[in-house]
Amino acid sequence: MAAYQCDIVTPEAQLYSSEAEMVVVPGVEGEMGFLKGHEPLVSALADGDVRIKNPGSDEVTHIVVQGGYVQVSGHKVIILADRAKAKADIDVADAKAKLADVEAKLAGMSAEEAAKTTLPADKAWYEVIVKVAQAA
């Protein structure tokens, strides 16, 4: 199957740049998969697991993303995510500890106070990291 370019970029850095045979992203209305030659598309992303099928092998790269957008052209997929982390780089124990810390901080705040912080977004981020890391 034909390969095309896939880039994953966050505000901090370019996390991933390589050829892909297929890319599956978590869209806000469900998962979307892209092959080379897909019609142009721009869509919002949900928090979740981006799966990248590497060309010429059965290997799949998993990248956890939080929010952002995907732009698809016939020869390239660009994912602009608020946050992203390779599944291979996830320390589950550390993510669970950070999730517990955020939950403890949120427990001591009113909903109004919490809304003025990044803690709700941090909680969602650690929840998706733990979920993806523990998935088979």
# chains A, B, ... in the order shown; residues from 1 in each chain; ligands from 1
>>> select_by_dssp(residues="chain A", states="helix (DSSP H, G or I)", output="PyMOL selection string")
chain A and resi 87-89+92-107+111-115+119-134
>>> write_last_selection(atoms="C-alpha atoms", output="short mmCIF file (atom, residue, chain, number, x, y, z; two decimals), in the first residue's frame")
data_model
loop_
_atom_site.label_atom_id
_atom_site.label_comp_id
_atom_site.auth_asym_id
_atom_site.auth_seq_id
_atom_site.Cartn_x
_atom_site.Cartn_y
_atom_site.Cartn_z
CA LYS A 87 2.65 5.65 24.13
CA ALA A 88 6.13 4.15 24.35
CA ASP A 89 7.21 7.11 26.53
CA VAL A 92 1.84 4.59 33.89
CA ALA A 93 2.74 4.81 37.57
CA ASP A 94 3.87 8.42 37.14
CA ALA A 95 0.72 9.31 35.18
CA LYS A 96 -1.49 7.73 37.87
CA ALA A 97 0.38 9.64 40.59
CA LYS A 98 -0.05 12.93 38.70
CA LEU A 99 -3.74 12.15 38.14
CA ALA A 100 -4.21 11.51 41.87
CA ASP A 101 -2.42 14.79 42.67
CA VAL A 102 -4.64 16.76 40.30
CA GLU A 103 -7.77 15.07 41.67
CA ALA A 104 -6.71 15.95 45.22
CA LYS A 105 -6.21 19.59 44.26
CA LEU A 106 -9.59 19.69 42.51
CA ALA A 107 -11.31 18.13 45.53
CA ALA A 111 -16.18 24.35 40.55
CA GLU A 112 -15.76 28.10 40.00
CA GLU A 113 -12.21 28.08 41.37
CA ALA A 114 -11.30 24.99 39.34
CA ALA A 115 -12.59 26.61 36.14
CA LEU A 119 -6.54 21.44 36.48
CA PRO A 120 -9.66 20.13 34.66
CA ALA A 121 -7.66 19.88 31.41
CA ASP A 122 -4.75 18.29 33.30
CA LYS A 123 -7.12 15.72 34.81
CA ALA A 124 -8.51 14.85 31.36
CA TRP A 125 -4.95 14.57 30.00
CA TYR A 126 -3.77 12.14 32.67
CA GLU A 127 -6.97 10.11 32.36
CA VAL A 128 -6.45 9.63 28.62
CA ILE A 129 -2.76 8.83 29.11
CA VAL A 130 -3.59 6.11 31.65
CA LYS A 131 -6.41 4.73 29.47
CA VAL A 132 -4.27 4.49 26.33
CA ALA A 133 -1.24 3.13 28.18
CA GLN A 134 -3.29 0.35 29.74
#
>>> residues_around(residues="A:Gln14", least_positions_apart="2", cutoff="12 Å", atoms="only C-alpha atoms", output="count of residues only")
19
>>> residues_around(residues="A:Ala3", least_positions_apart="5", cutoff="8 Å", atoms="only C-alpha atoms", output="PyMOL selection string")
chain A and resi 19-22+36+55
>>> residues_around(residues="stretch 31-34 of chain A", least_positions_apart="6", cutoff="8 Å", atoms="only C-alpha atoms", output="list in words")
Met22, Val23, Val24, Val25 and Val72 of chain A
>>> closest_residue(among="A:Gln71, A:Thr61, A:Gln66, A:Ile90", to="A:Ala46", atoms="only C-alpha atoms")
A:Gln66
>>> atom_distance(atom1="atom CA of A:Gly48", atom2="atom CA of A:Val28")
10.1 Å
>>> select_by_dssp(residues="stretch 2-124 of chain A", states="strand (DSSP E)", output="PyMOL selection string")
chain A and resi 4-9+14-20+22-27+30-35+41-44+48-53+60-66+69-72+76-80+83-86
>>> atom_distance(atom1="atom CA of A:Gln5", atom2="atom CA of A:Asp47")
22.0 Å
>>> atom_distance(atom1="atom CA of A:Gly30", atom2="atom CA of A:Thr118")
25.4 Å
